[in-house]
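Peer 1: Just final.txt, nothing more (compact mmCIF, N, CA and C atoms and all ligand atoms):
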# COMPACT_ATOMS: atom_id res chain seq x y z
N MET A 1 121.00 74.62 112.07
CA MET A 1 119.53 74.54 112.09
C MET A 1 119.08 73.22 111.45
N ILE A 2 118.21 72.49 112.14
CA ILE A 2 117.72 71.22 111.59
C ILE A 2 116.55 71.51 110.65
N ILE A 3 116.69 71.09 109.42
CA ILE A 3 115.63 71.31 108.44
C ILE A 3 115.20 69.96 107.89
N ASP A 4 113.95 69.58 108.16
CA ASP A 4 113.44 68.32 107.63
C ASP A 4 111.97 68.49 107.26
N GLU A 5 111.30 67.40 107.01
CA GLU A 5 109.90 67.44 106.53
C GLU A 5 108.95 68.10 107.54
N THR A 6 109.33 68.11 108.83
CA THR A 6 108.43 68.74 109.82
C THR A 6 108.36 70.24 109.62
N ILE A 7 109.33 70.80 108.92
CA ILE A 7 109.36 72.25 108.67
C ILE A 7 108.10 72.67 107.89
N LYS A 8 107.69 71.87 106.94
CA LYS A 8 106.52 72.20 106.14
C LYS A 8 105.29 72.36 107.05
N LYS A 9 105.14 71.41 107.96
CA LYS A 9 104.01 71.45 108.90
C LYS A 9 104.12 72.71 109.77
N ASP A 10 105.33 73.00 110.23
CA ASP A 10 105.54 74.19 111.07
C ASP A 10 105.18 75.46 110.31
N ILE A 11 105.64 75.56 109.06
CA ILE A 11 105.36 76.75 108.27
C ILE A 11 103.85 76.91 108.05
N GLU A 12 103.18 75.80 107.74
CA GLU A 12 101.73 75.88 107.50
C GLU A 12 100.98 76.22 108.78
N GLU A 13 101.43 75.68 109.89
CA GLU A 13 100.75 75.97 111.16
C GLU A 13 100.96 77.42 111.59
N LEU A 14 102.21 77.86 111.51
CA LEU A 14 102.53 79.23 111.94
C LEU A 14 101.88 80.27 111.04
N SER A 15 101.83 79.99 109.75
CA SER A 15 101.31 80.99 108.80
C SER A 15 99.81 80.89 108.60
N GLY A 16 99.25 79.71 108.87
CA GLY A 16 97.83 79.51 108.59
C GLY A 16 97.56 79.36 107.10
N GLN A 17 98.61 79.11 106.32
CA GLN A 17 98.47 78.98 104.86
C GLN A 17 98.76 77.55 104.42
N LYS A 18 98.10 77.13 103.32
CA LYS A 18 98.35 75.79 102.78
C LYS A 18 99.20 75.95 101.53
N LEU A 19 100.41 75.43 101.57
CA LEU A 19 101.36 75.64 100.47
C LEU A 19 100.86 75.09 99.14
N SER A 20 100.14 73.99 99.19
CA SER A 20 99.67 73.37 97.94
C SER A 20 98.56 74.17 97.27
N ASP A 21 97.99 75.15 97.96
CA ASP A 21 96.94 75.98 97.35
C ASP A 21 97.50 76.86 96.24
N CYS A 22 98.78 77.17 96.29
CA CYS A 22 99.39 78.06 95.29
C CYS A 22 99.52 77.34 93.95
N TYR A 23 99.03 77.96 92.89
CA TYR A 23 99.20 77.35 91.55
C TYR A 23 100.14 78.17 90.66
N GLN A 24 100.97 78.98 91.29
CA GLN A 24 102.08 79.64 90.58
C GLN A 24 101.64 80.61 89.47
N CYS A 25 100.62 81.39 89.74
CA CYS A 25 100.18 82.36 88.72
C CYS A 25 101.07 83.59 88.68
N GLY A 26 101.75 83.88 89.79
CA GLY A 26 102.67 85.01 89.83
C GLY A 26 102.05 86.34 90.20
N GLU A 27 100.76 86.37 90.52
CA GLU A 27 100.09 87.63 90.88
C GLU A 27 100.73 88.27 92.12
N CYS A 28 101.14 87.45 93.07
CA CYS A 28 101.75 87.98 94.30
C CYS A 28 103.04 88.72 93.97
N THR A 29 103.87 88.10 93.17
CA THR A 29 105.15 88.70 92.81
C THR A 29 104.94 89.98 92.00
N ALA A 30 103.96 89.97 91.11
CA ALA A 30 103.70 91.15 90.27
C ALA A 30 103.31 92.37 91.10
N GLY A 31 102.70 92.16 92.25
CA GLY A 31 102.25 93.29 93.06
C GLY A 31 103.17 93.63 94.22
N CYS A 32 104.15 92.81 94.47
CA CYS A 32 105.00 93.01 95.65
C CYS A 32 105.92 94.22 95.48
N PRO A 33 105.86 95.19 96.39
CA PRO A 33 106.68 96.39 96.25
C PRO A 33 108.17 96.17 96.49
N THR A 34 108.53 95.04 97.07
CA THR A 34 109.96 94.80 97.30
C THR A 34 110.50 93.65 96.43
N ALA A 35 109.67 93.16 95.50
CA ALA A 35 110.09 92.03 94.65
C ALA A 35 111.33 92.36 93.82
N PHE A 36 111.50 93.65 93.48
CA PHE A 36 112.66 94.03 92.66
C PHE A 36 113.97 93.67 93.36
N ALA A 37 113.93 93.62 94.69
CA ALA A 37 115.17 93.33 95.43
C ALA A 37 115.12 91.96 96.11
N MET A 38 113.96 91.32 96.05
CA MET A 38 113.76 90.08 96.80
C MET A 38 114.27 88.88 96.02
N GLU A 39 115.05 88.06 96.65
CA GLU A 39 115.58 86.86 95.99
C GLU A 39 115.52 85.69 96.95
N PRO A 40 114.64 84.73 96.75
CA PRO A 40 113.69 84.60 95.66
C PRO A 40 112.43 85.43 95.89
N VAL A 41 111.71 85.72 94.80
CA VAL A 41 110.47 86.50 94.89
C VAL A 41 109.37 85.62 95.48
N PRO A 42 108.23 86.21 95.89
CA PRO A 42 107.20 85.43 96.60
C PRO A 42 106.77 84.13 95.91
N SER A 43 106.42 84.19 94.63
CA SER A 43 105.93 82.96 93.97
C SER A 43 107.03 81.90 93.90
N GLN A 44 108.27 82.32 93.66
CA GLN A 44 109.39 81.36 93.63
C GLN A 44 109.60 80.76 95.02
N SER A 45 109.42 81.58 96.04
CA SER A 45 109.62 81.11 97.42
C SER A 45 108.65 79.99 97.75
N ILE A 46 107.40 80.21 97.37
CA ILE A 46 106.39 79.18 97.64
C ILE A 46 106.71 77.90 96.86
N ARG A 47 107.16 78.08 95.63
CA ARG A 47 107.52 76.90 94.82
C ARG A 47 108.65 76.10 95.46
N LEU A 48 109.63 76.81 96.01
CA LEU A 48 110.73 76.11 96.69
C LEU A 48 110.18 75.25 97.83
N LEU A 49 109.22 75.82 98.57
CA LEU A 49 108.64 75.06 99.69
C LEU A 49 107.83 73.88 99.17
N GLN A 50 107.09 74.09 98.07
CA GLN A 50 106.31 72.98 97.50
C GLN A 50 107.22 71.84 97.06
N LEU A 51 108.41 72.20 96.60
CA LEU A 51 109.36 71.19 96.12
C LEU A 51 110.21 70.60 97.24
N GLY A 52 109.97 71.07 98.46
CA GLY A 52 110.73 70.54 99.60
C GLY A 52 112.12 71.14 99.75
N LYS A 53 112.36 72.25 99.03
CA LYS A 53 113.68 72.89 99.13
C LYS A 53 113.64 73.95 100.24
N TYR A 54 113.39 73.47 101.45
CA TYR A 54 113.17 74.36 102.59
C TYR A 54 114.40 75.20 102.92
N SER A 55 115.55 74.55 102.96
CA SER A 55 116.76 75.28 103.36
C SER A 55 117.08 76.39 102.38
N GLU A 56 116.76 76.17 101.10
CA GLU A 56 117.05 77.20 100.09
C GLU A 56 116.29 78.50 100.41
N LEU A 57 115.08 78.35 100.90
CA LEU A 57 114.32 79.55 101.25
C LEU A 57 114.71 80.08 102.63
N LEU A 58 114.82 79.19 103.60
CA LEU A 58 115.12 79.64 104.97
C LEU A 58 116.49 80.30 105.07
N GLU A 59 117.38 79.94 104.17
CA GLU A 59 118.71 80.55 104.20
C GLU A 59 118.85 81.71 103.21
N SER A 60 117.75 82.08 102.59
CA SER A 60 117.80 83.16 101.60
C SER A 60 117.61 84.53 102.25
N ALA A 61 117.99 85.58 101.51
CA ALA A 61 117.78 86.94 102.00
C ALA A 61 116.34 87.39 101.79
N GLY A 62 115.66 86.73 100.86
CA GLY A 62 114.32 87.16 100.46
C GLY A 62 113.32 87.27 101.60
N ILE A 63 113.33 86.29 102.50
CA ILE A 63 112.31 86.28 103.57
C ILE A 63 112.45 87.49 104.48
N TRP A 64 113.65 88.09 104.52
CA TRP A 64 113.88 89.23 105.41
C TRP A 64 113.48 90.55 104.75
N LEU A 65 113.24 90.52 103.45
CA LEU A 65 112.87 91.75 102.75
C LEU A 65 111.37 91.98 102.67
N CYS A 66 110.60 91.01 103.09
CA CYS A 66 109.15 91.18 103.08
C CYS A 66 108.77 92.26 104.09
N ALA A 67 107.99 93.24 103.60
CA ALA A 67 107.60 94.35 104.46
C ALA A 67 106.24 94.12 105.12
N ALA A 68 105.69 92.92 104.96
CA ALA A 68 104.39 92.57 105.55
C ALA A 68 103.29 93.55 105.17
N CYS A 69 103.30 93.99 103.91
CA CYS A 69 102.30 94.97 103.47
C CYS A 69 100.99 94.31 103.08
N ASN A 70 101.00 92.99 102.89
CA ASN A 70 99.81 92.20 102.59
C ASN A 70 99.27 92.35 101.17
N VAL A 71 100.02 93.01 100.28
CA VAL A 71 99.56 93.14 98.89
C VAL A 71 99.44 91.76 98.25
N CYS A 72 100.43 90.91 98.48
CA CYS A 72 100.41 89.57 97.86
C CYS A 72 99.17 88.79 98.28
N GLY A 73 98.84 88.86 99.55
CA GLY A 73 97.66 88.14 100.04
C GLY A 73 96.37 88.66 99.42
N GLU A 74 96.31 89.96 99.22
CA GLU A 74 95.12 90.57 98.62
C GLU A 74 94.98 90.17 97.15
N ARG A 75 96.10 90.03 96.47
CA ARG A 75 96.06 89.75 95.03
C ARG A 75 95.88 88.27 94.69
N CYS A 76 96.18 87.40 95.64
CA CYS A 76 96.20 85.97 95.33
C CYS A 76 94.79 85.41 95.05
N PRO A 77 94.60 84.84 93.87
CA PRO A 77 93.28 84.27 93.55
C PRO A 77 92.97 83.00 94.34
N ARG A 78 93.98 82.46 95.00
CA ARG A 78 93.80 81.22 95.78
C ARG A 78 93.77 81.50 97.28
N GLY A 79 93.84 82.77 97.64
CA GLY A 79 93.77 83.13 99.06
C GLY A 79 95.02 82.81 99.84
N VAL A 80 96.15 82.71 99.14
CA VAL A 80 97.41 82.43 99.84
C VAL A 80 98.09 83.75 100.19
N ASP A 81 98.51 83.89 101.43
CA ASP A 81 99.15 85.12 101.89
C ASP A 81 100.64 84.85 102.11
N TYR A 82 101.46 85.20 101.11
CA TYR A 82 102.89 84.91 101.25
C TYR A 82 103.53 85.69 102.39
N GLY A 83 103.04 86.85 102.69
CA GLY A 83 103.60 87.63 103.81
C GLY A 83 103.58 86.82 105.10
N LYS A 84 102.51 86.07 105.30
CA LYS A 84 102.42 85.24 106.52
C LYS A 84 103.38 84.06 106.44
N ILE A 85 103.60 83.57 105.22
CA ILE A 85 104.55 82.45 105.05
C ILE A 85 105.98 82.94 105.33
N ALA A 86 106.31 84.12 104.80
CA ALA A 86 107.64 84.68 105.06
C ALA A 86 107.84 84.92 106.55
N ASP A 87 106.79 85.41 107.20
CA ASP A 87 106.87 85.65 108.65
C ASP A 87 107.12 84.33 109.40
N ALA A 88 106.44 83.28 108.98
CA ALA A 88 106.63 81.97 109.61
C ALA A 88 108.07 81.49 109.40
N CYS A 89 108.59 81.70 108.20
CA CYS A 89 109.97 81.27 107.90
C CYS A 89 110.96 82.03 108.80
N ARG A 90 110.75 83.33 108.94
CA ARG A 90 111.66 84.12 109.80
C ARG A 90 111.57 83.63 111.25
N THR A 91 110.37 83.34 111.68
CA THR A 91 110.18 82.86 113.06
C THR A 91 110.96 81.56 113.28
N ILE A 92 110.88 80.66 112.31
CA ILE A 92 111.59 79.38 112.43
C ILE A 92 113.09 79.60 112.49
N VAL A 93 113.59 80.50 111.64
CA VAL A 93 115.04 80.79 111.65
C VAL A 93 115.45 81.37 113.00
N LEU A 94 114.69 82.34 113.49
CA LEU A 94 115.05 82.98 114.76
C LEU A 94 114.92 82.02 115.94
N ARG A 95 113.93 81.13 115.88
CA ARG A 95 113.78 80.13 116.95
C ARG A 95 114.98 79.18 117.00
N ASN A 96 115.66 79.07 115.89
CA ASN A 96 116.87 78.24 115.84
C ASN A 96 118.12 79.03 116.20
N LYS A 97 117.87 80.20 116.79
CA LYS A 97 118.97 81.04 117.31
C LYS A 97 119.90 81.54 116.21
N VAL A 98 119.38 81.64 115.00
CA VAL A 98 120.16 82.23 113.92
C VAL A 98 119.71 83.68 113.78
N THR A 99 120.60 84.59 114.12
CA THR A 99 120.27 86.01 114.08
C THR A 99 120.61 86.58 112.70
N HIS A 100 119.68 87.37 112.15
CA HIS A 100 119.89 87.89 110.79
C HIS A 100 120.91 89.02 110.76
N ILE A 101 120.88 89.90 111.75
CA ILE A 101 121.88 90.97 111.80
C ILE A 101 122.39 91.12 113.22
N THR A 102 123.55 91.69 113.36
CA THR A 102 124.07 92.01 114.69
C THR A 102 124.36 93.52 114.72
N LEU A 103 124.33 94.07 115.90
CA LEU A 103 124.51 95.52 116.05
C LEU A 103 125.84 95.98 115.46
N GLU A 104 126.87 95.15 115.60
CA GLU A 104 128.20 95.52 115.10
C GLU A 104 128.21 95.74 113.59
N LYS A 105 127.28 95.07 112.89
CA LYS A 105 127.27 95.16 111.43
C LYS A 105 126.47 96.36 110.92
N VAL A 106 125.77 97.04 111.83
CA VAL A 106 124.94 98.16 111.40
C VAL A 106 125.80 99.43 111.32
N ASP A 107 125.64 100.15 110.23
CA ASP A 107 126.39 101.38 109.99
C ASP A 107 126.16 102.38 111.15
N LYS A 108 127.26 102.92 111.68
CA LYS A 108 127.16 103.82 112.84
C LYS A 108 126.31 105.05 112.53
N LYS A 109 126.46 105.59 111.32
CA LYS A 109 125.68 106.77 110.93
C LYS A 109 124.19 106.44 110.93
N PHE A 110 123.88 105.22 110.45
CA PHE A 110 122.47 104.80 110.43
C PHE A 110 121.92 104.73 111.86
N ILE A 111 122.74 104.22 112.77
CA ILE A 111 122.29 104.12 114.17
C ILE A 111 121.94 105.51 114.71
N LEU A 112 122.77 106.51 114.37
CA LEU A 112 122.55 107.86 114.87
C LEU A 112 121.36 108.53 114.19
N ASP A 113 121.19 108.25 112.88
CA ASP A 113 120.16 108.95 112.11
C ASP A 113 118.78 108.28 112.13
N ALA A 114 118.74 106.97 112.30
CA ALA A 114 117.47 106.26 112.15
C ALA A 114 116.50 106.62 113.28
N PRO A 115 115.22 106.71 112.94
CA PRO A 115 114.23 106.93 114.01
C PRO A 115 114.30 105.77 114.99
N GLN A 116 114.25 106.10 116.28
CA GLN A 116 114.43 105.06 117.30
C GLN A 116 113.43 103.91 117.16
N GLN A 117 112.18 104.28 116.83
CA GLN A 117 111.14 103.25 116.70
C GLN A 117 111.47 102.27 115.58
N ALA A 118 111.96 102.82 114.45
CA ALA A 118 112.30 101.97 113.31
C ALA A 118 113.44 101.03 113.68
N PHE A 119 114.38 101.58 114.41
CA PHE A 119 115.55 100.81 114.83
C PHE A 119 115.13 99.64 115.73
N ILE A 120 114.30 99.94 116.71
CA ILE A 120 113.85 98.90 117.64
C ILE A 120 112.99 97.87 116.91
N ALA A 121 112.11 98.35 116.02
CA ALA A 121 111.25 97.43 115.27
C ALA A 121 112.09 96.49 114.42
N ALA A 122 113.16 97.05 113.80
CA ALA A 122 114.02 96.23 112.95
C ALA A 122 114.71 95.16 113.78
N PHE A 123 115.17 95.51 114.98
CA PHE A 123 115.86 94.52 115.79
C PHE A 123 114.90 93.47 116.34
N ARG A 124 113.64 93.85 116.53
CA ARG A 124 112.64 92.85 116.93
C ARG A 124 112.44 91.85 115.80
N LYS A 125 112.49 92.35 114.57
CA LYS A 125 112.22 91.48 113.42
C LYS A 125 113.42 90.61 113.07
N PHE A 126 114.62 91.18 113.22
CA PHE A 126 115.81 90.51 112.67
C PHE A 126 116.64 89.72 113.68
N THR A 127 116.33 89.84 114.99
CA THR A 127 117.20 89.17 115.97
C THR A 127 116.39 88.27 116.90
N THR A 128 117.09 87.36 117.57
CA THR A 128 116.41 86.43 118.49
C THR A 128 116.16 87.10 119.82
S1 LIG A 201 99.24 84.84 93.73
FE1 LIG A 201 98.73 83.05 94.99
S2 LIG A 201 98.47 81.34 93.57
FE2 LIG A 201 99.52 83.01 92.48
S3 LIG A 201 101.72 82.52 92.71
FE3 LIG A 201 101.17 83.91 94.36
S4 LIG A 201 100.60 82.60 96.09
FE4 LIG A 201 100.60 81.34 94.27
S1 LIG A 202 103.63 91.11 102.25
FE1 LIG A 202 105.81 90.91 101.73
S2 LIG A 202 105.88 89.50 100.01
FE2 LIG A 202 103.77 90.22 100.20
S3 LIG A 202 103.63 91.97 98.80
FE3 LIG A 202 104.16 92.78 100.83
S4 LIG A 202 106.38 92.88 100.87
FE4 LIG A 202 105.80 91.56 99.15
Write out the structure in this file as C-alpha cells.
Ligand code: SF4
Ligand code: SF4
Peer 2:
Amino acid sequence: MIIDETIKKDIEELSGQKLSDCYQCGECTAGCPTAFAMEPVPSQSIRLLQLGKYSELLESAGIWLCAACNVCGERCPRGVDYGKIADACRTIVLRNKVTHITLEKVDKKFILDAPQQAFIAAFRKFTT
C-alpha cells in the first residue's frame, strides 16, 4: 500500500473531518465503548495522523474495532467525529486491496452460530 502525504487529504475528504481541529482533550477516548480494546485509542489515532504517522494507524488493529456508534463525535468539543475518520482509514486500506480478515481465519463454530446478517455485515466491513 502506498502511503504518502496525499493520504491526509484523502482521509479528510472521505471523512469530512479536519484533523487539525483536534486539540487532544481525550473526551472521545473517555466515552468510546471499545477503547478498552482499541489500540491506538481514538485521540491517539488522530494524533498519529496529525504527526504524519499514517502507516502506524492504517496498519493498526484499532481502526477495525470502531463500532461507528458516534459517541466520540457527540462528545468532541471541537466537532471532530473520529468514527468517520476510522471509517475513512478502513476505506483506504480496503481500496488498496488489503483485506482485514479471510473466511479461512474465521472460527467454524462462529460461522455456524453467528446471525447471518451480522456475518454479512462484518464481511462488508472487513473485506474488499
Ligand atoms: S474529543 Fe475531539 S478534540 Fe478531544 S481528543 Fe477527541 S477528537 Fe480531539
Ligand atoms: S464511533 Fe468508534 S471510535 Fe467513536 S466512540 Fe464509537 S466505537 Fe469509539
Peer 1: I want to know what sits within 6.5 Å of stretch 89-99 of chain A, based on all atoms listed in the file, with residues of the same chain fewer than 3 positions away left out; could you give that as a list in words?
Peer 2: Met1, Ile11, Leu58, Ile63, Lys84, Ile85, Ala86, Thr102, Phe126, Thr127 and Thr128 of chain A
Peer 1: Extract, using only C-alpha atoms, all DNA, RNA and protein residues at most 10 Å from A:Tyr23, discarding same-chain residues fewer than 6 positions from it, and format them as a PyMOL selection string.
Peer 2: chain A and resi 43+46-47+76-78+80
Peer 1: Let me have all residues with an atom within 6 Å of ligand LIG 202 (chain A), counting only C-alpha atoms and all ligand atoms, laid out as a CSV table (one decimal) with N, CA and C atoms, in the coordinates of the input.
Peer 2:
chain,number,residue,atom,x,y,z
A,32,CYS,N,104.2,92.8,94.5
A,32,CYS,CA,105.0,93.0,95.6
A,32,CYS,C,105.9,94.2,95.5
A,33,PRO,N,105.9,95.2,96.4
A,33,PRO,CA,106.7,96.4,96.2
A,33,PRO,C,108.2,96.2,96.5
A,34,THR,N,108.5,95.0,97.1
A,34,THR,CA,110.0,94.8,97.3
A,34,THR,C,110.5,93.6,96.4
A,42,PRO,N,108.2,86.2,95.9
A,42,PRO,CA,107.2,85.4,96.6
A,42,PRO,C,106.8,84.1,95.9
A,66,CYS,N,110.6,91.0,103.1
A,66,CYS,CA,109.2,91.2,103.1
A,66,CYS,C,108.8,92.3,104.1
A,67,ALA,N,108.0,93.2,103.6
A,67,ALA,CA,107.6,94.4,104.5
A,67,ALA,C,106.2,94.1,105.1
A,68,ALA,N,105.7,92.9,105.0
A,68,ALA,CA,104.4,92.6,105.6
A,68,ALA,C,103.3,93.6,105.2
A,69,CYS,N,103.3,94.0,103.9
A,69,CYS,CA,102.3,95.0,103.5
A,69,CYS,C,101.0,94.3,103.1
A,70,ASN,N,101.0,93.0,102.9
A,70,ASN,CA,99.8,92.2,102.6
A,70,ASN,C,99.3,92.4,101.2
A,71,VAL,N,100.0,93.0,100.3
A,71,VAL,CA,99.6,93.1,98.9
A,71,VAL,C,99.4,91.8,98.2
A,72,CYS,N,100.4,90.9,98.5
A,72,CYS,CA,100.4,89.6,97.9
A,72,CYS,C,99.2,88.8,98.3
A,82,TYR,N,101.5,85.2,101.1
A,82,TYR,CA,102.9,84.9,101.2
A,82,TYR,C,103.5,85.7,102.4
A,83,GLY,N,103.0,86.8,102.7
A,83,GLY,CA,103.6,87.6,103.8
A,83,GLY,C,103.6,86.8,105.1
Peer 1: What's the 8 Å shell around A:Gly79, counting only N, CA and C atoms, without same-chain residues fewer than 4 positions away, as a PyMOL selection string?
Peer 2: chain A and resi 17-18+21-22+72-75
Peer 1: What does the structure give for the distance between atom S2 of ligand LIG 201 (chain A) and atom C of A:Lys53, in Å to one decimal?
Peer 2: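 Interatomic distance here is 18.1 Å.
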Peer 1: Per DSSP on the backbone, what are the alpha helix (DSSP H) residues of stretch 32-101 of chain A, as a ChimeraX atom specification?
Peer 2: /A:42-50,54-58,62-65,71-75,82-95
Peer 1: When distances are computed from only C-alpha atoms, which of A:Lys125, A:Leu14, A:Lys8, A:Val41 shows the smallest separation from A:Gly26?
Peer 2: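 Closest to A:Gly26, using only C-alpha atoms: A:Val41.
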Peer 1: Looking at all atoms listed in the file, which of A:Asp81, A:Glu5, A:Glu59, A:Asp10 is the one that sits closest to ligand LIG 201 (chain A)?
Peer 2: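 With all atoms listed in the file as the atom set, the closest residue is A:Asp81.
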Peer 1: Of the candidates A:Ala30, A:Ala121, A:Leu65, A:Leu19, which one gets nearest to A:Asp87 if we count only C-alpha atoms?
Peer 2: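 Closest to A:Asp87, using only C-alpha atoms: A:Leu65.
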Peer 1: Keeping just all heavy atoms, export stretch 61-70 of chain A of this structure as an mmCIF file, in the first residue's frame.
Peer 2:
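Below you can see out.cif, which holds the result:
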data_model
loop_
_atom_site.group_PDB
_atom_site.id
_atom_site.type_symbol
_atom_site.label_atom_id
_atom_site.label_comp_id
_atom_site.auth_asym_id
_atom_site.auth_seq_id
_atom_site.Cartn_x
_atom_site.Cartn_y
_atom_site.Cartn_z
ATOM 1 N N ALA A 61 -4.698 -2.339 14.448
ATOM 2 C CA ALA A 61 -5.965 -3.063 14.621
ATOM 3 C C ALA A 61 -7.076 -2.121 15.066
ATOM 4 O O ALA A 61 -8.256 -2.408 14.899
ATOM 5 C CB ALA A 61 -5.780 -4.167 15.658
ATOM 6 N N GLY A 62 -6.681 -0.978 15.625
ATOM 7 C CA GLY A 62 -7.656 -0.066 16.223
ATOM 8 C C GLY A 62 -8.764 0.390 15.286
ATOM 9 O O GLY A 62 -9.931 0.449 15.675
ATOM 10 N N ILE A 63 -8.410 0.709 14.047
ATOM 11 C CA ILE A 63 -9.423 1.250 13.126
ATOM 12 C C ILE A 63 -10.529 0.238 12.847
ATOM 13 O O ILE A 63 -11.644 0.605 12.499
ATOM 14 C CB ILE A 63 -8.811 1.757 11.792
ATOM 15 C CG1 ILE A 63 -8.002 0.665 11.107
ATOM 16 C CG2 ILE A 63 -7.970 2.996 12.032
ATOM 17 C CD1 ILE A 63 -7.507 1.045 9.695
ATOM 18 N N TRP A 64 -10.229 -1.056 13.031
ATOM 19 C CA TRP A 64 -11.219 -2.096 12.738
ATOM 20 C C TRP A 64 -12.135 -2.349 13.928
ATOM 21 O O TRP A 64 -13.151 -3.036 13.800
ATOM 22 C CB TRP A 64 -10.511 -3.388 12.324
ATOM 23 C CG TRP A 64 -9.625 -3.162 11.137
ATOM 24 C CD1 TRP A 64 -8.289 -2.907 11.153
ATOM 25 C CD2 TRP A 64 -10.031 -3.099 9.762
ATOM 26 N NE1 TRP A 64 -7.837 -2.696 9.877
ATOM 27 C CE2 TRP A 64 -8.880 -2.813 9.007
ATOM 28 C CE3 TRP A 64 -11.264 -3.261 9.108
ATOM 29 C CZ2 TRP A 64 -8.916 -2.686 7.625
ATOM 30 C CZ3 TRP A 64 -11.296 -3.141 7.726
ATOM 31 C CH2 TRP A 64 -10.133 -2.863 7.004
ATOM 32 N N LEU A 65 -11.774 -1.822 15.089
ATOM 33 C CA LEU A 65 -12.600 -2.048 16.280
ATOM 34 C C LEU A 65 -13.643 -0.969 16.506
ATOM 35 O O LEU A 65 -14.473 -1.079 17.394
ATOM 36 C CB LEU A 65 -11.709 -2.164 17.526
ATOM 37 C CG LEU A 65 -10.947 -3.478 17.642
ATOM 38 C CD1 LEU A 65 -10.071 -3.467 18.885
ATOM 39 C CD2 LEU A 65 -11.909 -4.649 17.703
ATOM 40 N N CYS A 66 -13.590 0.079 15.723
ATOM 41 C CA CYS A 66 -14.598 1.136 15.865
ATOM 42 C C CYS A 66 -15.960 0.585 15.459
ATOM 43 O O CYS A 66 -16.120 0.007 14.391
ATOM 44 C CB CYS A 66 -14.231 2.324 14.981
ATOM 45 S SG CYS A 66 -15.541 3.556 14.890
ATOM 46 N N ALA A 67 -16.932 0.772 16.354
ATOM 47 C CA ALA A 67 -18.274 0.249 16.101
ATOM 48 C C ALA A 67 -19.191 1.289 15.457
ATOM 49 O O ALA A 67 -20.385 1.055 15.314
ATOM 50 C CB ALA A 67 -18.888 -0.232 17.407
ATOM 51 N N ALA A 68 -18.623 2.437 15.089
ATOM 52 C CA ALA A 68 -19.390 3.510 14.445
ATOM 53 C C ALA A 68 -20.606 3.926 15.271
ATOM 54 O O ALA A 68 -21.660 4.208 14.724
ATOM 55 C CB ALA A 68 -19.802 3.084 13.027
ATOM 56 N N CYS A 69 -20.436 3.983 16.586
ATOM 57 C CA CYS A 69 -21.567 4.335 17.459
ATOM 58 C C CYS A 69 -21.762 5.843 17.554
ATOM 59 O O CYS A 69 -22.769 6.319 18.057
ATOM 60 C CB CYS A 69 -21.349 3.761 18.856
ATOM 61 S SG CYS A 69 -19.969 4.545 19.726
ATOM 62 N N ASN A 70 -20.757 6.617 17.138
ATOM 63 C CA ASN A 70 -20.820 8.075 17.098
ATOM 64 C C ASN A 70 -20.724 8.768 18.458
ATOM 65 O O ASN A 70 -20.956 9.969 18.557
ATOM 66 C CB ASN A 70 -22.091 8.531 16.359
ATOM 67 C CG ASN A 70 -21.967 9.947 15.851
ATOM 68 O OD1 ASN A 70 -20.870 10.383 15.509
ATOM 69 N ND2 ASN A 70 -23.067 10.685 15.829
#
